[in-house]
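As provided, my_file_37.cif (mmCIF, C-alpha atoms) reads as follows.
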```cif
data_protein
loop_
_atom_site.label_atom_id
_atom_site.label_comp_id
_atom_site.auth_asym_id
_atom_site.auth_seq_id
_atom_site.Cartn_x
_atom_site.Cartn_y
_atom_site.Cartn_z
CA MET A 1 151.28 18.71 96.06
CA ALA A 2 152.83 18.74 92.65
CA ARG A 3 149.52 19.47 90.97
CA GLY A 4 148.99 22.49 93.21
CA ARG A 5 152.35 23.98 92.25
CA ARG A 6 151.67 23.67 88.55
CA ARG A 7 148.50 25.65 88.97
CA ARG A 8 150.38 28.53 90.64
CA ARG A 9 152.86 28.70 87.76
CA ARG A 10 150.06 28.88 85.21
CA ARG A 11 148.47 31.81 87.10
CA ARG A 12 151.80 33.69 87.25
CA GLY A 13 152.23 33.45 83.47
CA SER A 14 148.71 34.76 82.81
CA GLY A 15 149.48 37.92 84.83
CA LEU A 16 152.48 38.78 82.67
CA LYS A 17 150.41 38.43 79.52
CA TYR A 18 147.74 40.73 80.96
CA ALA A 19 150.30 43.44 81.85
CA LEU A 20 151.82 43.27 78.37
CA ILE A 21 148.41 43.70 76.74
CA CYS A 22 147.68 46.77 78.90
CA LEU A 23 151.00 48.34 77.97
CA ILE A 24 150.31 47.88 74.27
CA CYS A 25 146.86 49.44 74.63
CA VAL A 26 148.30 52.51 76.41
CA CYS A 27 150.84 53.01 73.64
CA ILE A 28 148.16 52.77 70.98
CA LEU A 29 146.01 55.34 72.81
CA CYS A 30 148.97 57.78 72.99
CA LEU A 31 149.85 57.38 69.34
CA ILE A 32 146.35 58.01 68.04
CA PRO A 33 146.25 61.81 69.02
CA ALA A 34 149.78 62.36 67.73
CA GLY A 35 148.85 60.75 64.46
CA TYR A 36 145.72 62.84 64.26
CA TYR A 37 147.66 66.11 64.56
CA VAL A 38 150.25 64.97 62.02
CA ILE A 39 147.53 64.11 59.51
CA LYS A 40 145.67 67.37 60.19
CA SER A 41 148.81 69.45 59.69
CA PHE A 42 149.53 67.63 56.44
CA VAL A 43 145.99 68.24 55.15
CA GLU A 44 146.07 71.97 56.06
CA ASP A 45 149.42 72.49 54.35
CA ALA A 46 148.10 70.76 51.28
CA GLY A 47 145.04 73.00 51.35
CA LYS A 48 147.15 76.14 51.54
CA VAL A 49 149.21 75.04 48.59
CA ALA A 50 146.07 74.23 46.60
CA ILE A 51 144.47 77.60 47.38
CA THR A 52 147.61 79.53 46.54
CA GLU A 53 148.08 77.70 43.24
CA ASN A 54 144.45 78.25 42.18
CA THR A 55 144.40 82.01 43.04
CA VAL A 56 144.38 84.37 40.05
CA SER A 57 144.71 87.64 42.04
CA ASP A 58 148.08 89.38 42.30
CA GLU A 59 147.41 90.09 45.99
CA PRO A 60 148.94 87.68 48.50
CA VAL A 61 146.51 85.19 50.03
CA ILE A 62 145.95 85.56 53.77
CA LEU A 63 144.15 82.70 55.45
CA ARG A 64 141.55 83.48 58.10
CA ASP A 65 143.75 82.27 60.92
CA GLU A 66 146.52 84.60 59.75
CA GLN A 67 144.42 87.79 59.45
CA PRO A 68 145.15 90.37 62.21
CA LYS A 69 142.26 91.67 64.26
CA ALA A 70 141.24 95.24 63.28
CA GLU A 71 140.98 96.47 66.87
CA GLU A 72 144.42 95.19 67.80
CA THR A 73 145.99 96.78 64.68
CA GLU A 74 144.34 100.16 65.36
CA GLN A 75 145.41 100.10 69.01
CA GLU A 76 149.00 99.25 68.10
CA THR A 77 149.03 102.13 65.57
CA VAL A 78 147.73 104.59 68.18
CA VAL A 79 150.34 103.46 70.71
CA GLU A 80 153.13 103.84 68.13
CA THR A 81 151.86 107.32 67.16
CA ILE A 82 151.75 108.45 70.79
CA GLU A 83 155.26 107.11 71.39
CA GLU A 84 156.57 108.87 68.28
CA THR A 85 154.84 112.16 69.21
CA THR A 86 156.17 111.99 72.78
CA GLU A 87 159.66 111.26 71.51
CA GLU A 88 159.51 114.18 69.05
CA ALA A 89 158.25 116.54 71.77
CA THR A 90 161.03 115.43 74.10
CA GLN A 91 163.65 115.95 71.42
CA GLU A 92 162.23 119.41 70.66
CA VAL A 93 162.72 120.42 74.29
CA ILE A 94 166.21 118.99 74.78
CA GLU A 95 167.76 119.87 71.44
CA TRP A 96 167.89 123.66 71.91
CA PRO A 97 171.37 125.06 71.18
CA ASP A 98 173.43 126.21 74.13
CA PHE A 99 173.56 129.90 75.05
CA GLU A 100 176.69 131.44 73.56
CA VAL A 101 178.53 134.37 75.11
CA LEU A 102 179.53 136.76 72.32
CA GLU A 103 182.02 139.57 71.95
CA PRO A 104 181.18 142.38 74.40
CA VAL A 105 179.56 145.59 73.18
CA VAL A 106 180.76 148.91 74.58
CA SER A 107 177.97 151.46 74.93
CA VAL A 108 178.50 155.20 74.81
CA THR A 109 176.00 155.46 77.68
CA THR A 110 177.87 154.53 80.82
CA GLU A 111 175.81 156.22 83.55
CA PHE A 112 172.14 156.45 84.48
CA ASP A 113 171.61 160.13 83.62
CA PRO A 114 167.97 161.32 83.89
CA ILE A 115 168.63 164.96 82.96
CA GLY A 116 166.34 165.91 80.09
CA ALA A 117 164.16 162.81 80.55
CA THR A 118 160.38 162.83 80.81
CA VAL A 119 159.08 161.64 84.17
CA TRP A 120 155.61 161.18 85.64
CA PRO A 121 154.69 161.23 89.36
CA VAL A 122 152.79 158.08 90.32
CA GLN A 123 150.89 159.96 93.03
CA ASP A 124 150.00 163.57 93.73
CA LEU A 125 153.40 164.80 94.93
CA PRO A 126 154.42 167.82 96.99
CA VAL A 127 156.83 170.18 95.22
CA TYR A 128 159.63 171.66 97.37
CA ASP A 129 162.15 174.40 97.11
CA ASN A 130 165.68 173.64 98.29
CA MET A 131 164.73 174.69 101.83
CA ALA A 132 162.26 171.77 102.04
CA VAL A 133 159.35 174.14 101.91
CA VAL A 134 156.31 172.89 100.02
CA VAL A 135 155.55 175.38 97.26
CA ASP A 136 153.12 173.37 95.13
CA THR A 137 151.54 169.98 94.43
CA VAL A 138 151.89 168.18 91.12
CA ALA A 139 149.12 165.81 90.04
CA ALA A 140 149.79 162.11 89.34
CA GLY A 141 150.60 161.48 85.72
CA THR A 142 151.70 165.03 84.95
CA PRO A 143 154.57 164.92 82.42
CA MET A 144 157.65 166.70 83.75
CA MET A 145 161.17 167.21 82.45
CA VAL A 146 164.17 166.54 84.71
CA LEU A 147 166.52 169.52 85.02
CA SER A 148 168.87 168.05 87.62
CA TYR A 149 169.17 165.06 89.93
CA GLU A 150 170.70 165.05 93.38
CA TYR A 151 170.02 163.39 96.75
CA ASP A 152 167.16 161.31 95.27
CA LEU A 153 165.38 164.51 94.23
CA PHE A 154 164.51 165.61 90.72
CA LYS A 155 164.49 169.28 89.90
CA VAL A 156 161.70 169.36 87.35
CA SER A 157 159.87 171.67 85.01
CA TYR A 158 156.11 171.12 84.69
CA ASP A 159 153.07 173.18 83.71
CA GLY A 160 155.18 176.33 83.44
CA LYS A 161 156.71 175.80 86.90
CA MET A 162 159.84 174.39 88.52
CA GLY A 163 160.46 172.58 91.77
CA LEU A 164 161.93 169.56 93.55
CA VAL A 165 160.08 166.21 93.78
CA ALA A 166 160.93 162.75 95.14
CA ALA A 167 162.63 160.87 92.30
CA ASP A 168 161.67 157.37 93.45
CA ALA A 169 157.97 158.33 93.34
CA CYS A 170 158.20 158.97 89.60
CA MET A 171 158.19 156.81 86.52
CA ILE A 172 160.76 157.66 83.91
CA ASN A 173 160.71 157.20 80.15
CA LEU A 174 163.21 154.41 79.48
CA PRO A 175 164.33 155.50 75.98
CA ASP A 176 165.47 158.80 77.55
CA VAL A 177 167.89 157.19 80.01
CA MET A 178 168.83 153.68 78.87
CA GLN A 179 171.76 152.62 76.72
CA GLN A 180 171.14 153.38 73.06
CA GLU A 181 171.47 149.67 72.21
CA MET A 182 168.27 148.77 74.09
CA ARG A 183 165.29 147.90 71.86
CA TYR A 184 161.57 148.62 72.31
CA ASP A 185 158.45 147.14 70.72
CA ILE A 186 155.35 147.95 72.77
CA THR A 187 153.02 145.76 70.75
CA ASN A 188 150.04 146.52 73.00
CA SER A 189 150.10 150.07 71.66
CA TYR A 190 149.37 149.04 68.07
CA SER A 191 148.66 145.28 67.75
CA SER A 192 148.52 142.92 70.74
CA ILE A 193 150.36 139.59 70.35
CA TYR A 194 148.61 137.74 73.19
CA ARG A 195 147.79 134.18 72.07
CA ILE A 196 146.93 130.80 73.58
CA HIS A 197 148.94 127.87 72.24
CA GLY A 198 149.72 129.94 69.15
CA ASP A 199 146.06 130.75 68.36
CA ASP A 200 144.45 134.19 68.36
CA ILE A 201 142.21 135.31 71.24
CA ASP A 202 139.00 136.98 70.12
CA ASN A 203 138.98 140.74 70.76
CA VAL A 204 142.51 140.63 72.23
CA THR A 205 145.02 139.44 69.62
CA GLY A 206 145.80 142.19 67.12
CA GLU A 207 143.89 144.82 69.11
CA VAL A 208 145.16 148.28 70.10
CA LEU A 209 145.09 148.23 73.90
CA TYR A 210 146.71 151.56 74.85
CA PRO A 211 147.76 153.65 71.85
CA TYR A 212 148.93 156.75 73.70
CA VAL A 213 152.47 155.43 74.35
CA LYS A 214 153.24 155.02 70.64
CA GLN A 215 155.16 158.03 69.36
CA GLY A 216 155.63 157.66 65.62
CA THR A 217 156.78 154.56 63.75
CA ASP A 218 159.40 153.10 66.09
CA ASN A 219 159.29 155.44 69.09
CA TYR A 220 157.44 154.73 72.32
CA LEU A 221 156.91 156.18 75.76
CA VAL A 222 158.01 153.38 78.09
CA PRO A 223 157.30 154.34 81.74
CA LEU A 224 159.01 152.43 84.56
CA LEU A 225 159.45 153.39 88.21
CA VAL A 226 162.81 155.11 88.72
CA PRO A 227 164.44 152.60 91.14
CA VAL A 228 163.44 149.73 88.83
CA ALA A 229 164.81 151.65 85.84
CA LYS A 230 168.15 151.99 87.64
CA ALA A 231 168.33 148.22 88.15
CA LEU A 232 167.39 147.68 84.50
CA PHE A 233 170.22 149.97 83.43
CA GLU A 234 172.68 147.71 85.26
CA ALA A 235 171.10 144.57 83.79
CA GLU A 236 171.44 146.02 80.29
CA ALA A 237 175.12 146.69 80.97
CA GLY A 238 175.47 143.03 81.95
CA ALA A 239 173.74 141.93 78.73
CA LEU A 240 176.06 144.10 76.62
CA GLU A 241 179.07 142.44 78.24
CA MET A 242 177.82 139.15 76.78
CA GLY A 243 177.15 140.67 73.36
CA TYR A 244 173.38 140.99 73.79
CA THR A 245 170.86 143.74 74.44
CA ILE A 246 167.46 143.75 76.12
CA LYS A 247 164.31 144.25 74.08
CA ILE A 248 161.25 145.53 75.96
CA TYR A 249 157.73 144.53 74.95
CA ASP A 250 155.89 146.07 77.90
CA ALA A 251 156.57 148.10 81.01
CA TYR A 252 153.89 150.19 82.78
CA ARG A 253 150.44 148.92 81.82
CA PRO A 254 147.24 150.73 82.84
CA HIS A 255 145.03 148.89 85.32
CA SER A 256 142.02 149.19 83.03
CA VAL A 257 143.91 147.32 80.30
CA THR A 258 144.82 144.49 82.70
CA ASN A 259 141.14 144.01 83.51
CA GLU A 260 140.15 144.20 79.86
CA ILE A 261 142.61 141.50 78.77
CA TYR A 262 141.56 139.17 81.60
CA ASP A 263 137.82 139.58 80.99
CA LYS A 264 138.04 139.08 77.22
CA THR A 265 140.34 136.07 77.56
CA SER A 266 137.99 134.55 80.15
CA ALA A 267 135.08 134.95 77.73
CA PHE A 268 137.16 133.31 75.00
CA VAL A 269 138.14 130.20 77.01
CA LYS A 270 134.57 129.87 78.26
CA LYS A 271 133.43 129.73 74.64
CA TYR A 272 136.28 127.41 73.63
CA PRO A 273 137.10 125.29 76.74
CA GLU A 274 139.86 123.38 74.96
CA TYR A 275 142.07 126.48 75.24
CA LEU A 276 141.66 126.54 79.00
CA ASP A 277 143.30 123.11 79.04
CA TYR A 278 146.48 124.67 77.65
CA MET A 279 146.52 127.10 80.60
CA THR A 280 145.79 124.54 83.32
CA GLU A 281 148.21 121.72 82.57
CA GLU A 282 150.52 120.24 85.20
CA VAL A 283 154.18 120.90 84.47
CA GLY A 284 157.04 120.08 86.80
CA GLY A 285 154.65 119.27 89.64
CA THR A 286 152.81 122.61 89.37
CA VAL A 287 149.17 122.75 88.27
CA TYR A 288 148.71 126.08 86.51
CA LYS A 289 145.62 128.29 86.34
CA GLN A 290 144.49 131.11 84.10
CA SER A 291 145.49 133.61 86.79
CA ASN A 292 149.10 132.40 86.47
CA PHE A 293 149.21 133.96 83.01
CA LEU A 294 146.92 136.95 83.43
CA ALA A 295 146.33 139.02 86.56
CA LYS A 296 142.68 138.90 87.52
CA SER A 297 142.65 142.23 89.33
CA VAL A 298 145.98 144.03 89.74
CA SER A 299 149.28 143.35 87.97
CA ASN A 300 152.74 144.53 88.95
CA HIS A 301 152.78 146.19 85.52
CA ASN A 302 150.12 148.54 86.92
CA TYR A 303 152.60 149.68 89.56
CA GLY A 304 155.36 150.36 87.05
CA VAL A 305 157.68 147.76 88.59
CA ALA A 306 157.41 144.97 85.97
CA ILE A 307 158.72 144.52 82.43
CA ASP A 308 158.27 141.95 79.64
CA ILE A 309 161.59 141.45 77.85
CA THR A 310 163.73 139.22 75.66
CA LEU A 311 167.31 139.20 74.34
CA VAL A 312 168.66 140.39 70.99
CA ASN A 313 172.03 139.52 69.46
CA CYS A 314 173.82 142.88 69.20
CA HIS A 315 176.04 141.69 66.35
CA THR A 316 173.30 140.36 64.08
CA GLY A 317 170.24 142.23 65.35
CA GLU A 318 168.47 138.87 65.64
CA GLU A 319 165.94 138.35 68.43
CA MET A 320 166.87 135.17 70.29
CA GLN A 321 164.56 132.17 70.13
CA MET A 322 162.92 131.14 73.38
CA GLN A 323 160.77 128.08 74.06
CA SER A 324 157.63 130.05 73.16
CA GLU A 325 156.60 133.32 71.57
CA MET A 326 156.27 136.48 73.66
CA HIS A 327 152.90 136.73 75.48
CA GLU A 328 152.06 133.06 74.86
CA LEU A 329 149.39 132.38 77.50
CA SER A 330 149.91 128.65 78.01
CA THR A 331 152.22 126.25 79.79
CA LEU A 332 154.55 126.42 76.78
CA SER A 333 155.99 129.56 78.40
CA VAL A 334 156.61 128.27 81.94
CA LEU A 335 160.11 128.32 83.41
CA ASP A 336 160.18 124.52 83.78
CA ARG A 337 160.28 124.41 79.97
CA ASN A 338 162.97 127.07 79.58
CA ASN A 339 165.52 126.62 76.83
CA PRO A 340 169.17 127.63 77.43
CA VAL A 341 168.62 131.23 76.22
CA ALA A 342 165.63 131.72 78.53
CA ASP A 343 167.70 130.32 81.40
CA ALA A 344 170.47 132.81 80.58
CA LEU A 345 167.93 135.65 80.64
CA GLN A 346 166.66 134.49 84.06
CA GLU A 347 170.21 134.33 85.40
CA LEU A 348 171.01 137.80 84.07
CA MET A 349 167.96 139.55 85.51
CA THR A 350 167.99 137.86 88.92
CA ALA A 351 171.66 138.83 89.28
CA TYR A 352 170.56 142.49 89.25
CA GLY A 353 167.73 142.20 91.76
CA PHE A 354 164.78 141.23 89.55
CA GLU A 355 162.37 138.41 90.33
CA GLY A 356 161.04 136.11 87.64
CA LEU A 357 157.53 134.71 87.26
CA LYS A 358 157.17 130.91 87.22
CA SER A 359 154.65 130.97 84.39
CA GLU A 360 156.30 133.49 82.04
CA TRP A 361 159.92 133.40 80.89
CA TRP A 362 159.73 137.07 79.76
CA HIS A 363 158.34 138.68 82.96
CA PHE A 364 160.59 140.35 85.54
CA GLN A 365 159.73 142.63 88.46
CA ILE A 366 160.97 144.24 91.66
CA LYS A 367 157.98 144.11 93.98
CA ALA A 368 159.82 145.80 96.83
CA CYS A 369 159.68 149.10 94.90
CA ARG A 370 155.90 148.98 94.48
CA MET A 371 153.97 152.12 95.37
CA SER A 372 150.33 153.10 95.07
CA VAL A 373 149.95 154.20 91.45
CA ALA A 374 147.07 156.15 89.96
CA THR A 375 146.00 155.00 86.51
CA PHE A 376 146.95 157.64 83.99
CA GLN A 377 147.70 157.98 80.32
CA ALA A 378 151.40 158.62 79.84
CA ARG A 379 152.06 161.80 77.88
CA PRO A 380 155.44 163.27 76.87
CA TYR A 381 156.72 166.46 78.41
CA GLU A 382 155.72 169.38 76.17
CA GLU A 383 155.80 172.46 78.40
CA PRO A 384 158.58 175.07 78.02
CA ILE A 385 161.21 175.30 80.72
CA VAL A 386 160.55 178.23 83.05
CA ASN A 387 162.51 179.75 85.87
CA THR A 388 160.01 180.50 88.60
CA ILE A 389 157.20 179.19 90.74
CA GLY A 390 154.04 180.87 91.99
CA ALA A 391 152.94 184.33 90.84
CA ASP A 392 155.43 184.50 87.99
CA ALA A 393 154.64 181.00 86.70
CA GLY A 394 154.17 180.66 83.00
CA ALA A 395 156.90 183.04 81.90
CA GLU A 396 159.18 181.28 79.42
CA GLU A 397 162.94 181.47 79.82
CA THR A 398 163.63 183.48 76.68
CA SER A 399 166.72 185.34 77.85
CA LYS A 400 169.54 185.22 80.37
CA THR A 401 167.58 187.53 82.65
CA VAL A 402 166.07 185.35 85.37
CA ASN A 403 164.57 185.71 88.79
CA ASN A 404 167.81 185.22 90.67
CA GLU A 405 166.15 184.85 94.06
CA VAL A 406 163.95 181.94 92.97
CA GLU A 407 166.72 180.43 90.86
CA GLN A 408 169.05 180.35 93.83
CA LEU A 409 166.44 178.49 95.87
CA LEU A 410 166.21 175.81 93.23
CA ILE A 411 169.90 175.35 92.44
#
```

What is this file in structure tokens?
Amino acid sequence: MARGRRRRRRRRGSGLKYALICLICVCILCLIPAGYYVIKSFVEDAGKVAITENTVSDEPVILRDEQPKAEETEQETVVETIEETTEEATQEVIEWPDFEVLEPVVSVTTEFDPIGATVWPVQDLPVYDNMAVVVDTVAAGTPMMVLSYEYDLFKVSYDGKMGLVAADACMINLPDVMQQEMRYDITNSYSSIYRIHGDDIDNVTGEVLYPYVKQGTDNYLVPLLVPVAKALFEAEAGALEMGYTIKIYDAYRPHSVTNEIYDKTSAFVKKYPEYLDYMTEEVGGTVYKQSNFLAKSVSNHNYGVAIDITLVNCHTGEEMQMQSEMHELSTLSVLDRNNPVADALQELMTAYGFEGLKSEWWHFQIKACRMSVATFQARPYEEPIVNTIGADAGAEETSKTVNNEVEQLLI
């Protein structure tokens, strides 16, 4: 029995030795990789030092593992450029100065007074005497001079005749009736300023589109339908109260010119499609089209109920800066990109009954006044004032002797 116990003890001691040997082996196996990496790191560092010390170039040494990948560097540069450009564009939009109300300007013109103004009927109009009897018909576009104005009727002189016509069916020459502070620059009459993203449009930019409204160096015929002209008179009074005046770049525009501009611009963007992109961008949730910037068939300008305008500082004579140039045919001019001055112009005009156009900060209209308008070339009134209608037409008023019977009918 004793011999059997001794054998068990010997076996138990052998097991402990075996476990200890296994533990030592595991430790050795774990230390070998760690030692390998330590030695490798030491060798690499020594190599770097050796290479650096033996280099004769003044340029810093960049090991292969430290060299950036060309594609990654180029991509990072592009991303940084885009971020910088976007940031600059954002700052350009939000850093416009606030609109400043200036000292009011008092105009000597306080009432809408059409007497002496040139007017043009937009349709063939019946001519009445004061008994509502039709005594003649005046052709659309005939220049007439207003002799008096009462009950929405103009007493006019035209083609050696006199009579009464419906005032609201006539366009009136704005410089004849507006406040003297108002400015005019009908660029389409001598050099069109239509552009796309600041670039010229072939056969449109710089072209003379309708020269017959230009009267000398700084004088223009500026036709606008009478009820719209009345609203504009009130809007100008509102602008003067803030120290500004309205400057008009376009009013009535012939239908033929609207078609011409659209067709030539269409040919241009077809030849250079990149410009169409500037007209069809999405801004503020709206996807724009070319027709948002140019009427394809008929414009409200053709009806004499639309104007293209901006604001001028009355005290300095400086034209105010908007977010784009006048007649810029791209999304740079849309209302969603308005600066504070353009917003002030919108607020002013809508307060006096005008409607804006989402794609053009400068365009305002009163569509409710629209009538059928014949295309005509506006001409100034040139006929002498006469005192009769019918058989005696054509006799100039050269003395105080008049046909009292006819004169009484027209008073």

Residues selected by the PyMOL selection byres ((chain A and resi 300) around 12), written as a PyMOL selection string: chain A and resi 224-225+228+250-255+258+294-299+301-308+355-357+363-373

Any chance you could work out the residue set of the PyMOL selection byres ((chain A and resi 269) around 12) here, as number ranges by chain? A: 195-196, 199-202, 262-268, 270-280, 290, 329-330

What do you get, as a PyMOL selection string, if you spell out every residue that the PyMOL selection byres ((chain A and resi 170) around 12) selects here? chain A and resi 114+117-125+138-146+152-154+156+164-169+171-173+223-229+252+303-305+369-374+378

Closest of A:Gln179, A:Thr310, A:Ser333, A:Asn203 to Ile246 (chain A) - atom-to-atom distances counting only C-alpha atoms: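 Smallest separation from Ile246 (chain A) among the options: A:Thr310.
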
Residues within 10 Å of Ile248 (chain A), please, as a list in words. Count only C-alpha atoms; anything in the same chain fewer than 3 positions from it doesn't count.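 The residues satisfying every condition are Leu174, Met182, Arg183, Tyr184, Asp185, Ile186, Thr187, Val222, Thr245, Ala251, Ile307, Asp308, Ile309, Thr310, Leu311 and Trp362 of chain A.
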
Selection export as an mmCIF file, keeping the file's coordinate frame, atoms kept: C-alpha atoms:
```
data_model
loop_
_atom_site.group_PDB
_atom_site.id
_atom_site.type_symbol
_atom_site.label_atom_id
_atom_site.label_comp_id
_atom_site.auth_asym_id
_atom_site.auth_seq_id
_atom_site.Cartn_x
_atom_site.Cartn_y
_atom_site.Cartn_z
ATOM 1 C CA LEU A 174 163.210 154.410 79.480
ATOM 2 C CA MET A 182 168.270 148.770 74.090
ATOM 3 C CA ARG A 183 165.290 147.900 71.860
ATOM 4 C CA TYR A 184 161.570 148.620 72.310
ATOM 5 C CA ASP A 185 158.450 147.140 70.720
ATOM 6 C CA ILE A 186 155.350 147.950 72.770
ATOM 7 C CA THR A 187 153.020 145.760 70.750
ATOM 8 C CA VAL A 222 158.010 153.380 78.090
ATOM 9 C CA THR A 245 170.860 143.740 74.440
ATOM 10 C CA ALA A 251 156.570 148.100 81.010
ATOM 11 C CA ILE A 307 158.720 144.520 82.430
ATOM 12 C CA ASP A 308 158.270 141.950 79.640
ATOM 13 C CA ILE A 309 161.590 141.450 77.850
ATOM 14 C CA THR A 310 163.730 139.220 75.660
ATOM 15 C CA LEU A 311 167.310 139.200 74.340
ATOM 16 C CA TRP A 362 159.730 137.070 79.760
#
```

For CA of Glu103 (chain A) and CA of Ala231 (chain A), the interatomic separation in Å (one decimal):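 Separation of CA of Glu103 (chain A) and CA of Ala231 (chain A): 22.9 Å.
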
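The gap separating CA of Pro380 (chain A) from CA of Gln215 (chain A) is 9.2 Å, in Å to one decimal.
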
Expressed in Å, the length from CA of Val135 (chain A) to CA of Lys155 (chain A) is 13.1 Å

For each of A:Thr217, A:Asn292, A:Ser256, A:Thr109, take the minimum atom-to-atom distance to Glu181 (chain A), counting only C-alpha atoms, then give the residue where this is smallest. A:Thr109

Applying 8 Å and all atoms listed in the file, which residues near Leu240 (chain A) remain after dropping the ones on its own chain fewer than 5 positions away? List them as a PDB file with C-alpha atoms, keeping the file's coordinate frame.
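The file below, result.pdb, is the result:
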```pdb
ATOM      1  CA  PRO A 104     181.180 142.380  74.400  1.00  0.00           C
ATOM      2  CA  VAL A 105     179.560 145.590  73.180  1.00  0.00           C
ATOM      3  CA  VAL A 106     180.760 148.910  74.580  1.00  0.00           C
ATOM      4  CA  SER A 107     177.970 151.460  74.930  1.00  0.00           C
ATOM      5  CA  THR A 245     170.860 143.740  74.440  1.00  0.00           C
ATOM      6  CA  CYS A 314     173.820 142.880  69.200  1.00  0.00           C
TER       7      CYS A 314
END
```

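Nearest residue to Lys289 (chain A) among A:Thr331, A:His197, A:Val213, A:Val312 is A:Thr331, counting all atoms listed in the file.
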
Kindly indicate which residue among A:Thr350, A:Gln180, A:Asn219, A:Thr137 lies nearest to Thr110 (chain A), using all atoms listed in the file for the distances.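 With all atoms listed in the file as the atom set, the closest residue is A:Gln180.
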
Applying 7 Å and only C-alpha atoms, which residues near Gly163 (chain A) remain after dropping the ones on its own chain fewer than 4 positions away? List them as JSON, numbers by chain. {"A": [127, 128, 129, 155, 156, 157, 410]}

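Residue nearest Ile115 (chain A) within the list A:Val287, A:His327, A:Pro211, A:Glu150: A:Glu150 [criterion: smallest interatomic distance, all atoms listed in the file].
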
Please, could N, CA, C and O atoms be added to region 217-228 of chain A and the result written as a compact mmCIF listing (two decimals), in the coordinates of the input?
```txt
# COMPACT_ATOMS: atom_id res chain seq x y z
N THR A 217 156.65 155.92 64.28
CA THR A 217 156.78 154.56 63.75
C THR A 217 157.47 153.62 64.73
O THR A 217 156.95 152.55 65.05
N ASP A 218 158.63 153.99 65.23
CA ASP A 218 159.40 153.10 66.09
C ASP A 218 159.72 153.71 67.45
O ASP A 218 160.61 153.22 68.14
N ASN A 219 159.03 154.77 67.82
CA ASN A 219 159.29 155.44 69.09
C ASN A 219 158.13 155.21 70.04
O ASN A 219 156.96 155.23 69.64
N TYR A 220 158.46 155.00 71.32
CA TYR A 220 157.44 154.73 72.32
C TYR A 220 157.77 155.48 73.61
O TYR A 220 158.93 155.75 73.90
N LEU A 221 156.73 155.79 74.37
CA LEU A 221 156.91 156.18 75.76
C LEU A 221 156.87 154.88 76.56
O LEU A 221 155.93 154.10 76.44
N VAL A 222 157.90 154.64 77.35
CA VAL A 222 158.01 153.38 78.09
C VAL A 222 158.23 153.71 79.57
O VAL A 222 159.36 153.75 80.04
N PRO A 223 157.15 153.94 80.32
CA PRO A 223 157.30 154.34 81.74
C PRO A 223 157.69 153.17 82.63
O PRO A 223 157.18 152.06 82.49
N LEU A 224 158.61 153.41 83.55
CA LEU A 224 159.01 152.43 84.56
C LEU A 224 159.43 153.20 85.80
O LEU A 224 160.07 154.26 85.69
N LEU A 225 159.09 152.70 86.98
CA LEU A 225 159.45 153.39 88.21
C LEU A 225 160.96 153.58 88.30
O LEU A 225 161.73 152.66 87.95
N VAL A 226 161.39 154.74 88.75
CA VAL A 226 162.81 155.11 88.72
C VAL A 226 163.73 154.08 89.36
O VAL A 226 164.73 153.69 88.73
N PRO A 227 163.49 153.58 90.57
CA PRO A 227 164.44 152.60 91.14
C PRO A 227 164.52 151.32 90.32
O PRO A 227 165.58 150.68 90.25
N VAL A 228 163.42 150.92 89.68
CA VAL A 228 163.44 149.73 88.83
C VAL A 228 164.22 150.03 87.55
O VAL A 228 164.96 149.18 87.05
```
